[in-house]
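The file data.txt contains compact mmCIF, C-alpha atoms:
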```
# COMPACT_ATOMS: atom_id res chain seq x y z
CA THR A 1 -62.20 -27.87 -17.45
CA PHE A 2 -60.69 -25.62 -20.10
CA TYR A 3 -57.64 -26.52 -22.19
CA ALA A 4 -56.33 -24.55 -25.18
CA PRO A 5 -52.94 -25.41 -26.73
CA PHE A 6 -51.39 -23.12 -29.35
CA THR A 7 -48.32 -23.88 -31.48
CA TYR A 8 -46.38 -21.71 -33.93
CA SER A 9 -43.48 -23.02 -36.02
CA LEU A 10 -40.95 -21.02 -38.01
CA ASN A 11 -37.80 -22.38 -39.67
CA LYS A 12 -35.81 -24.04 -36.86
CA TRP A 13 -38.09 -22.72 -34.09
CA ASN A 14 -41.19 -24.15 -32.49
CA PHE A 15 -43.16 -22.03 -29.97
CA TYR A 16 -46.08 -23.27 -27.89
CA VAL A 17 -48.32 -22.13 -25.05
CA SER A 18 -51.15 -23.90 -23.29
CA PRO A 19 -53.44 -22.24 -20.72
CA ASN A 20 -55.45 -24.60 -18.53
CA TYR A 21 -58.27 -24.00 -16.11
CA ARG A 22 -60.03 -26.48 -13.85
CA VAL A 23 -62.82 -26.05 -11.30
CA ASN A 24 -64.34 -28.81 -9.20
CA HIS A 25 -67.27 -28.03 -6.88
CA ARG A 26 -68.59 -31.11 -5.14
CA LYS A 27 -71.32 -31.58 -2.53
CA ASN A 28 -72.01 -34.84 -0.77
CA ALA A 29 -74.22 -36.19 2.01
CA SER A 30 -72.61 -38.76 4.27
CA SER A 31 -72.64 -40.26 7.74
CA ILE A 32 -69.95 -41.36 10.19
CA GLU A 33 -69.64 -43.90 12.96
CA THR A 34 -66.48 -43.96 15.08
CA GLU A 35 -65.39 -45.88 18.16
CA TYR A 36 -62.17 -45.36 20.12
CA THR A 37 -61.63 -48.40 22.38
CA ASP A 38 -64.61 -48.73 24.74
CA ARG A 39 -64.45 -45.20 26.06
CA TYR A 40 -65.69 -42.98 23.26
CA LYS A 41 -68.27 -43.54 20.52
CA LYS A 42 -69.97 -41.20 18.09
CA LYS A 43 -72.53 -41.70 15.36
CA SER A 44 -74.36 -39.39 12.98
CA LEU A 45 -77.92 -38.52 13.89
CA GLY A 46 -80.63 -39.47 11.42
CA GLU A 47 -80.40 -40.89 7.93
CA VAL A 48 -78.27 -39.55 5.09
CA ASP A 49 -80.20 -36.77 3.36
CA LEU A 50 -79.01 -36.14 -0.19
CA ALA A 51 -80.95 -32.86 -0.27
CA HIS A 52 -78.82 -31.48 2.57
CA PRO A 53 -75.12 -32.14 1.87
CA ASN A 54 -72.77 -31.95 4.84
CA GLU A 55 -69.53 -32.28 2.86
CA VAL A 56 -68.51 -29.49 0.49
CA LEU A 57 -65.36 -29.22 -1.65
CA TYR A 58 -64.31 -26.33 -3.87
CA TYR A 59 -61.20 -26.78 -5.99
CA TYR A 60 -59.87 -24.12 -8.38
CA GLN A 61 -56.69 -24.63 -10.42
CA PRO A 62 -55.45 -22.42 -13.27
CA SER A 63 -52.15 -23.30 -14.95
CA ILE A 64 -50.07 -22.42 -18.00
CA THR A 65 -47.32 -24.13 -19.99
CA VAL A 66 -44.94 -22.13 -22.18
CA GLY A 67 -42.11 -23.55 -24.27
CA ALA A 68 -39.80 -23.19 -27.24
CA ASP A 69 -37.83 -25.75 -29.26
CA TYR A 70 -34.79 -24.89 -31.37
CA MET A 71 -33.17 -27.24 -33.85
CA VAL A 72 -29.46 -26.60 -33.23
CA GLY A 73 -28.43 -28.83 -36.13
CA LYS A 74 -29.58 -31.93 -37.92
CA GLY A 75 -30.75 -34.35 -35.24
CA HIS A 76 -30.09 -31.97 -32.32
CA THR A 77 -32.89 -30.11 -30.50
CA LEU A 78 -32.89 -27.83 -27.45
CA SER A 79 -36.12 -27.09 -25.58
CA LEU A 80 -36.91 -24.58 -22.86
CA GLN A 81 -40.17 -25.20 -20.99
CA MET A 82 -41.89 -23.45 -18.12
CA ILE A 83 -44.99 -24.58 -16.20
CA GLY A 84 -46.89 -22.56 -13.60
CA GLU A 85 -49.83 -23.80 -11.55
CA ARG A 86 -51.90 -22.32 -8.73
CA THR A 87 -54.41 -24.15 -6.54
CA ASN A 88 -57.09 -22.82 -4.21
CA SER A 89 -59.00 -25.48 -2.29
CA ARG A 90 -61.62 -25.31 0.45
CA SER A 91 -63.29 -28.32 2.02
CA LYS A 92 -65.71 -28.53 4.94
CA THR A 93 -67.63 -31.26 6.79
CA ASN A 94 -70.43 -30.97 9.36
CA TYR A 95 -72.03 -33.71 11.45
CA ASP A 96 -74.68 -33.80 14.17
CA LEU A 97 -73.73 -36.60 16.55
CA ALA A 98 -75.04 -38.96 19.18
CA ARG A 99 -72.02 -39.20 21.49
CA THR A 100 -71.05 -41.58 24.30
CA ASP A 101 -68.07 -40.49 26.39
CA SER A 102 -67.06 -42.68 29.37
CA GLY A 103 -70.62 -44.01 29.58
CA LEU A 104 -72.28 -40.57 29.44
CA LYS A 105 -74.57 -40.02 26.46
CA SER A 106 -75.08 -36.64 24.85
CA ARG A 107 -75.66 -34.84 21.59
CA ALA A 108 -72.95 -32.82 19.86
CA SER A 109 -71.90 -31.24 16.60
CA GLN A 110 -68.57 -31.67 14.80
CA GLU A 111 -67.02 -29.56 12.08
CA SER A 112 -63.73 -29.84 10.21
CA ARG A 113 -62.31 -27.44 7.65
CA ASP A 114 -59.26 -27.55 5.42
CA LYS A 115 -58.24 -24.56 3.30
CA TYR A 116 -55.04 -24.44 1.31
CA LYS A 117 -53.40 -22.44 -1.44
CA THR A 118 -50.44 -23.68 -3.48
CA ASP A 119 -48.04 -22.23 -6.03
CA ASP A 120 -46.10 -24.65 -8.21
CA TYR A 121 -43.52 -23.48 -10.79
CA THR A 122 -41.11 -25.54 -12.88
CA VAL A 123 -38.55 -24.52 -15.50
CA GLY A 124 -36.49 -27.01 -17.50
CA LEU A 125 -33.92 -27.20 -20.29
CA PHE A 126 -34.09 -30.33 -22.47
CA TYR A 127 -31.77 -31.74 -25.12
CA SER A 128 -32.24 -34.61 -27.55
CA GLY A 129 -29.82 -35.56 -30.29
CA GLN A 130 -28.05 -38.24 -32.25
CA ILE A 131 -24.30 -38.68 -32.74
CA LYS A 132 -23.68 -41.49 -35.21
CA LYS A 133 -25.45 -44.45 -33.58
CA LEU A 134 -25.77 -42.81 -30.17
CA ASN A 135 -29.19 -41.40 -29.22
CA ILE A 136 -28.79 -38.92 -26.36
CA LYS A 137 -31.35 -37.28 -24.09
CA SER A 138 -30.56 -34.94 -21.23
CA ASP A 139 -32.42 -32.38 -19.14
CA ILE A 140 -32.08 -30.21 -16.08
CA SER A 141 -35.05 -28.71 -14.24
CA TYR A 142 -35.95 -26.73 -11.14
CA ASN A 143 -39.26 -26.92 -9.27
CA ASN A 144 -40.49 -24.54 -6.57
CA TYR A 145 -43.59 -25.53 -4.64
CA SER A 146 -45.21 -23.72 -1.70
CA ILE A 147 -48.39 -24.36 0.28
CA ASN A 148 -50.27 -22.39 2.95
CA GLU A 149 -52.73 -24.57 4.84
CA ASP A 150 -55.36 -23.85 7.49
CA ARG A 151 -56.87 -26.86 9.29
CA LEU A 152 -59.66 -26.29 11.81
CA TYR A 153 -61.49 -28.79 14.02
CA ARG A 154 -64.28 -27.93 16.43
CA GLU A 155 -66.62 -30.07 18.49
CA THR A 156 -69.19 -29.31 21.18
CA GLY A 157 -67.55 -29.17 24.59
CA MET A 158 -64.00 -28.42 23.42
CA ASP A 159 -62.00 -25.39 22.30
CA ASP A 160 -61.46 -24.82 18.59
CA ASN A 161 -58.24 -26.43 17.35
CA GLU A 162 -56.62 -24.59 14.44
CA ASN A 163 -53.37 -25.48 12.67
CA LEU A 164 -51.72 -22.93 10.35
CA THR A 165 -48.70 -24.20 8.40
CA HIS A 166 -46.51 -23.17 5.49
CA GLY A 167 -44.72 -25.77 3.38
CA LYS A 168 -41.93 -25.16 0.87
CA LYS A 169 -40.15 -27.46 -1.57
CA HIS A 170 -37.07 -26.80 -3.73
CA PHE A 171 -36.41 -29.56 -6.26
CA ILE A 172 -33.50 -29.79 -8.75
CA ARG A 173 -33.22 -32.72 -11.17
CA TYR A 174 -30.58 -33.69 -13.73
CA PHE A 175 -31.13 -36.61 -16.14
CA PHE A 176 -28.94 -38.19 -18.82
CA ASN A 177 -29.77 -41.13 -21.13
CA ILE A 178 -27.89 -42.91 -23.94
CA THR A 179 -29.30 -45.52 -26.33
CA PHE A 180 -26.79 -47.51 -28.40
CA PRO A 181 -27.82 -50.09 -31.05
CA PHE A 182 -25.19 -52.68 -31.96
CA ALA A 183 -24.94 -55.96 -33.91
CA LYS A 184 -28.22 -55.10 -35.65
CA LYS A 185 -30.40 -57.06 -33.21
CA TRP A 186 -29.15 -55.63 -29.92
CA ASN A 187 -29.79 -52.32 -28.14
CA PHE A 188 -28.19 -51.01 -24.96
CA TYR A 189 -29.64 -48.24 -22.75
CA ILE A 190 -28.07 -46.49 -19.80
CA ASP A 191 -29.30 -43.52 -17.79
CA TYR A 192 -28.31 -41.49 -14.75
CA SER A 193 -30.30 -39.07 -12.62
CA LEU A 194 -29.28 -36.78 -9.78
CA ILE A 195 -31.90 -35.13 -7.58
CA TRP A 196 -31.61 -32.58 -4.77
CA ARG A 197 -34.75 -31.83 -2.78
CA LYS A 198 -35.34 -29.58 0.24
CA TYR A 199 -38.50 -29.52 2.38
CA ILE A 200 -39.28 -26.76 4.88
CA ASN A 201 -42.36 -26.82 7.12
CA THR A 202 -43.15 -23.86 9.43
CA ASN A 203 -45.90 -22.74 11.77
CA ARG A 204 -47.46 -19.59 10.29
CA ALA A 205 -48.82 -18.39 13.62
CA THR A 206 -45.43 -18.44 15.41
CA ASN A 207 -43.04 -18.64 12.42
CA GLU A 208 -41.46 -21.61 14.19
CA ASN A 209 -39.57 -24.16 12.08
CA ILE A 210 -41.42 -27.49 12.46
CA TYR A 211 -39.48 -29.69 10.04
CA THR A 212 -36.60 -29.36 7.57
CA SER A 213 -35.27 -32.05 5.24
CA ILE A 214 -32.50 -32.12 2.63
CA ASN A 215 -32.69 -35.13 0.35
CA ASN A 216 -30.10 -36.37 -2.19
CA ARG A 217 -30.88 -39.12 -4.69
CA ASN A 218 -28.56 -40.87 -7.15
CA ARG A 219 -29.89 -43.39 -9.64
CA VAL A 220 -28.14 -45.44 -12.33
CA GLY A 221 -30.09 -47.70 -14.68
CA ALA A 222 -29.18 -49.95 -17.61
CA MET A 223 -31.15 -52.16 -19.99
CA LEU A 224 -30.29 -54.60 -22.79
CA SER A 225 -32.76 -55.57 -25.53
CA TYR A 226 -32.56 -58.37 -28.11
CA GLN A 227 -34.87 -59.03 -31.08
CA PRO A 228 -33.52 -61.73 -33.42
CA VAL A 229 -36.85 -62.24 -35.28
CA ASP A 230 -40.20 -60.49 -35.57
CA ASN A 231 -42.03 -62.94 -33.29
CA PHE A 232 -39.59 -62.77 -30.38
CA SER A 233 -38.07 -59.92 -28.38
CA ILE A 234 -36.75 -59.52 -24.85
CA ARG A 235 -35.51 -56.69 -22.61
CA VAL A 236 -33.82 -57.00 -19.22
CA GLY A 237 -32.47 -54.24 -17.00
CA MET A 238 -31.45 -53.13 -13.54
CA GLY A 239 -31.47 -49.86 -11.61
CA TRP A 240 -29.59 -48.78 -8.48
CA ASN A 241 -31.13 -46.02 -6.38
CA ASN A 242 -29.51 -44.43 -3.32
CA VAL A 243 -31.29 -41.88 -1.10
CA ILE A 244 -29.69 -39.88 1.71
CA ASP A 245 -32.00 -37.73 3.83
CA ARG A 246 -30.85 -35.31 6.53
CA ASN A 247 -33.77 -33.90 8.51
CA SER A 248 -34.63 -32.33 11.85
CA ALA A 249 -34.87 -35.76 13.50
CA GLY A 250 -31.62 -37.26 12.16
CA ARG A 251 -30.01 -38.83 9.09
CA VAL A 252 -31.45 -41.69 7.01
CA SER A 253 -29.82 -43.56 4.10
CA HIS A 254 -31.52 -46.17 1.90
CA THR A 255 -30.41 -48.10 -1.18
CA THR A 256 -32.81 -50.02 -3.42
CA TRP A 257 -32.43 -52.19 -6.52
CA GLU A 258 -34.91 -51.80 -9.37
CA PRO A 259 -34.95 -54.75 -11.80
CA GLY A 260 -37.13 -54.81 -14.91
CA GLY A 261 -37.88 -56.86 -18.00
CA TRP A 262 -40.21 -57.44 -20.91
CA LEU A 263 -40.82 -60.51 -23.11
CA PHE A 264 -42.82 -61.00 -26.30
CA TRP A 265 -43.03 -64.44 -27.92
CA LYS A 266 -45.38 -65.71 -30.61
CA PRO A 267 -44.38 -69.36 -31.13
CA PHE A 268 -47.45 -70.10 -33.26
CA GLU A 269 -49.76 -68.01 -35.39
CA LYS A 270 -52.60 -68.17 -32.87
CA LEU A 271 -50.59 -68.26 -29.63
CA THR A 272 -48.99 -65.16 -28.04
CA CYS A 273 -47.11 -64.84 -24.77
CA ARG A 274 -46.29 -61.53 -23.05
CA VAL A 275 -44.49 -60.95 -19.75
CA ASN A 276 -43.94 -57.46 -18.31
CA TYR A 277 -41.92 -56.83 -15.13
CA THR A 278 -41.66 -53.26 -13.82
CA CYS A 279 -40.22 -51.73 -10.69
CA ASP A 280 -41.36 -48.31 -9.49
CA THR A 281 -40.06 -46.17 -6.62
CA SER A 282 -42.20 -43.52 -4.89
CA TYR A 283 -41.31 -41.17 -2.06
CA PRO A 284 -43.22 -39.98 1.04
CA SER A 285 -44.86 -36.54 0.99
CA LEU A 286 -44.19 -33.60 3.28
CA ASP A 287 -47.38 -34.30 5.24
CA GLN A 288 -46.26 -37.91 5.84
CA LEU A 289 -42.73 -36.87 6.90
CA SER A 290 -43.22 -33.65 8.83
CA SER A 291 -43.36 -33.81 12.62
CA ASN A 292 -46.18 -31.24 12.46
CA GLN A 293 -49.11 -32.35 14.61
CA TYR A 294 -52.76 -31.46 14.03
CA ARG A 295 -56.07 -32.64 15.44
CA VAL A 296 -58.20 -35.03 13.37
CA ASP A 297 -61.01 -35.05 15.93
CA ARG A 298 -61.59 -34.92 19.71
CA TRP A 299 -59.57 -38.07 20.43
CA MET A 300 -57.17 -38.35 17.51
CA LEU A 301 -54.05 -36.42 16.46
CA HIS A 302 -52.06 -36.78 13.24
CA GLN A 303 -48.26 -36.60 13.17
CA GLY A 304 -45.77 -37.43 10.42
CA ASN A 305 -42.85 -39.87 10.59
CA PRO A 306 -39.53 -38.33 9.44
CA PHE A 307 -37.88 -41.77 9.16
CA LEU A 308 -40.12 -43.13 6.40
CA LYS A 309 -38.31 -44.90 3.54
CA GLN A 310 -39.13 -44.74 -0.14
CA THR A 311 -41.61 -47.35 -1.43
CA VAL A 312 -40.54 -49.87 -4.08
CA GLN A 313 -43.17 -51.83 -6.01
CA HIS A 314 -42.35 -54.91 -8.12
CA HIS A 315 -45.10 -55.66 -10.63
CA ILE A 316 -45.22 -58.76 -12.87
CA TYR A 317 -48.02 -59.05 -15.42
CA SER A 318 -48.18 -62.00 -17.83
CA THR A 319 -50.71 -63.00 -20.50
CA LEU A 320 -51.07 -66.10 -22.68
CA THR A 321 -53.52 -65.50 -25.53
CA PHE A 322 -54.88 -68.10 -27.94
CA ASP A 323 -56.26 -66.19 -30.91
CA LYS A 324 -59.63 -64.66 -29.93
CA TRP A 325 -60.77 -67.65 -27.93
CA PHE A 326 -59.27 -67.11 -24.49
CA THR A 327 -56.62 -65.28 -22.48
CA VAL A 328 -54.94 -66.50 -19.32
CA TYR A 329 -53.35 -63.75 -17.23
CA GLN A 330 -51.30 -63.62 -14.05
CA ARG A 331 -50.50 -60.61 -11.88
CA THR A 332 -48.10 -60.33 -8.93
CA LEU A 333 -47.51 -57.17 -6.93
CA VAL A 334 -44.83 -57.06 -4.24
CA THR A 335 -44.54 -53.84 -2.23
CA LYS A 336 -41.40 -53.17 -0.20
CA ASP A 337 -41.60 -50.45 2.45
CA GLY A 338 -45.14 -49.43 1.59
CA ILE A 339 -46.56 -46.55 3.65
CA TYR A 340 -49.46 -47.48 5.94
CA SER A 341 -51.32 -45.89 8.88
CA ILE A 342 -50.49 -46.75 12.47
CA TYR A 343 -52.30 -45.73 15.68
CA ASN A 344 -50.77 -45.36 19.14
CA LYS A 345 -52.69 -44.72 22.36
CA GLY A 346 -51.10 -42.16 24.69
CA ASN A 347 -51.84 -40.40 27.96
CA GLY A 348 -55.49 -39.63 28.65
CA GLY A 349 -56.61 -42.00 25.89
CA ILE A 350 -55.51 -39.65 23.07
CA ILE A 351 -54.67 -41.63 19.91
CA THR A 352 -51.89 -40.49 17.58
CA GLU A 353 -52.22 -41.41 13.91
CA SER A 354 -48.97 -41.70 11.97
CA ASN A 355 -47.34 -43.78 9.20
CA PHE A 356 -44.89 -46.67 9.07
CA ASN A 357 -43.18 -48.82 6.41
CA ALA A 358 -44.26 -52.42 5.84
CA ASN A 359 -44.04 -55.08 3.12
CA GLU A 360 -47.02 -56.52 1.27
CA SER A 361 -47.58 -59.01 -1.56
CA GLN A 362 -50.58 -59.78 -3.73
```

Write-out of the structure in structure tokens:
Amino acid sequence: TFYAPFTYSLNKWNFYVSPNYRVNHRKNASSIETEYTDRYKKKSLGEVDLAHPNEVLYYYQPSITVGADYMVGKGHTLSLQMIGERTNSRSKTNYDLARTDSGLKSRASQESRDKYKTDDYTVGLFYSGQIKKLNIKSDISYNNYSINEDRLYRETGMDDNENLTHGKKHFIRYFFNITFPFAKKWNFYIDYSLIWRKYINTNRATNENIYTSINNRNRVGAMLSYQPVDNFSIRVGMGWNNVIDRNSAGRVSHTTWEPGGWLFWKPFEKLTCRVNYTCDTSYPSLDQLSSNQYRVDRWMLHQGNPFLKQTVQHHIYSTLTFDKWFTVYQRTLVTKDGIYSIYNKGNGGIITESNFNANESQ
């Protein structure tokens, strides 16, 4: 890993550039054992030999960040930032197998390969300033991401299965935030974000359009904080998030609520209580959404689910600390519409691996 930031400041200007370079070359020796119903079984031959790795990964990623800040006036700053990143990854696995297929035993070899190259560029304009008691932050950014991927699976007794795809993402984001202190002990925050995202997935061999999605997101959030004394403070807030997705398979609309809060209380010198409640929203990836289908092995295919919803996680973490003697902590994690794997058996015993939404609590 190489990282070298440079900064130059002059009067009201601030210029900076940061080249980055990362290489990861990993070799590993592993074994597999797989069983599909009672019909098909496979297991690696021999013991794991660390001197002869059968999994190899090569990951190369150069990137650069360039930016400039300009102080428009007292308390007002404009920033222009650009980030470019390129990735080249190659991974390969090889296994010698003892195989049982419909009661017939044999030996076989299995190989899988995944090669991909990505280009990721983002440019953004950022503003921060203060007007009387109002603290304002706002930004607008554009991200362009593309990926060319080559997946190959081969196994003794079957034809090579190769999947060549091209993925493209256009992403535009606008964000606006205001912080307003009032009555000395109170603060009020409100923010708004608007996001437009477009996914395109095509077959590079035929140039056929596999999957297209246009996604619009609107989010409004507000928070109120109160700190009457040094040993007590509290924040409570709520967010509203609406997502509308129009894709090749149809139209999906979801609305989620995102509450949040934070409490600090020190009733005695040696006793401290903290409660932190956060709510995070994450969105499915192109690979999880796209109806593109590729072979995982002889009996399994992978296919995305274009109707996946965004995942919302509610996380509550509380601690009660008595000086340095002991700490009691509690953690609750509730996941709404988490993304999990699902397997369906089809004609000829072929199993299709996909994803679905489900709730979970810990």

* **Å distance separating CA of Asp101 (chain A) from CA of Arg295 (chain A), one decimal place** =>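 About the pair CA of Asp101 (chain A) and CA of Arg295 (chain A): they are 18.0 Å apart.
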
Which residues of region 104-127 of chain A sit at most 10 Å from region 40-56 of chain A, using all atoms listed in the file? Give each one's shortest atom pair and distance in Å (one decimal place), in chain and ascending residue order, as a tab-separated table.
```
residue	atom	partner	partner_atom	distance
A:Leu104	CA	A:Tyr40	CA	9.4
A:Lys105	CA	A:Lys41	CA	9.3
A:Ser106	CA	A:Lys42	CA	9.6
A:Arg107	CA	A:Leu45	CA	8.8
A:Ala108	CA	A:Lys42	CA	9.1
A:Ser109	CA	A:Ser44	CA	9.3
A:Gln110	CA	A:Ser44	CA	9.8
A:Glu111	CA	A:Asn54	CA	9.5
A:Ser112	CA	A:Glu55	CA	9.7
A:Arg113	CA	A:Val56	CA	9.7
```

* Shell of 9 Å around Pro284 (chain A), all atoms listed in the file, local chain residues under 3 positions omitted, as a ChimeraX atom specification -> /A:287-289,308-311,339

* 10 Å contact set for region 12-27 of chain A, all atoms listed in the file, chain neighbours under 6 positions out, as a VMD selection string -> chain A and resid 1 to 6 50 to 73 77 to 92

* Asked: Which residue out of A:Ile351, A:Met223, A:Leu164, A:Val252 has the minimum interatomic distance to Pro181 (chain A) when all atoms listed in the file are used?
  -> A:Met223

* **Spatial neighbours of Glu155 (chain A), max dist 10 Å, all atoms listed in the file, sep filter under 2 positions, as a list in words** => Asn94, Tyr95, Asp96, Leu97, Ala108, Ser109, Gln110, Glu111, Ser112, Tyr153, Gly157, Met158, Asp159, Asp160, Asn161, Asp297 and Arg298 of chain A

* Which of A:Phe171, A:Tyr277, A:Trp240, A:Tyr189 sits closest to Thr332 (chain A) [using all atoms listed in the file] ->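 Of the candidates, the smallest distance to Thr332 (chain A) is held by A:Tyr277.
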
* Name the residues in contact with Lys184 (chain A) at a cut-off of 12 Å, using only C-alpha atoms, excluding same-chain residues fewer than 4 positions from it; report them as a PyMOL selection string. => chain A and resi 133+180+188+225-229

* Asked: Residues around (-42.5, -59.4, -31.2), cut-off 7 Å, counting all atoms listed in the file - what are they as number ranges by chain?
  -> A: 230-233, 264-266

* To do: Tell me, as a ChimeraX atom specification, which residues lie within 10 Å of region 173-178 of chain A, counting all atoms listed in the file; anything in the same chain fewer than 2 positions away does not count.
  => /A:124-130,134-143,171,180,188-197,217-222

* Asked: Rounded to one decimal in Å, what is the spacing between CA of Asn355 (chain A) and CA of Thr335 (chain A)?
  ->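 CA of Thr335 (chain A) lies at a distance of 15.5 Å from CA of Asn355 (chain A).
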
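CA of Lys169 (chain A) sits 10.6 Å away from CA of Tyr121 (chain A).
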
* To do: Go through A:Lys74, A:Ala249, A:Thr93, A:Thr278 one by one, measure the shortest atom-to-atom distance of each to Ile32 (chain A) using only C-alpha atoms, and give the residue with the smallest value.
  =>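 For Ile32 (chain A), the nearest of the given residues is A:Thr93.
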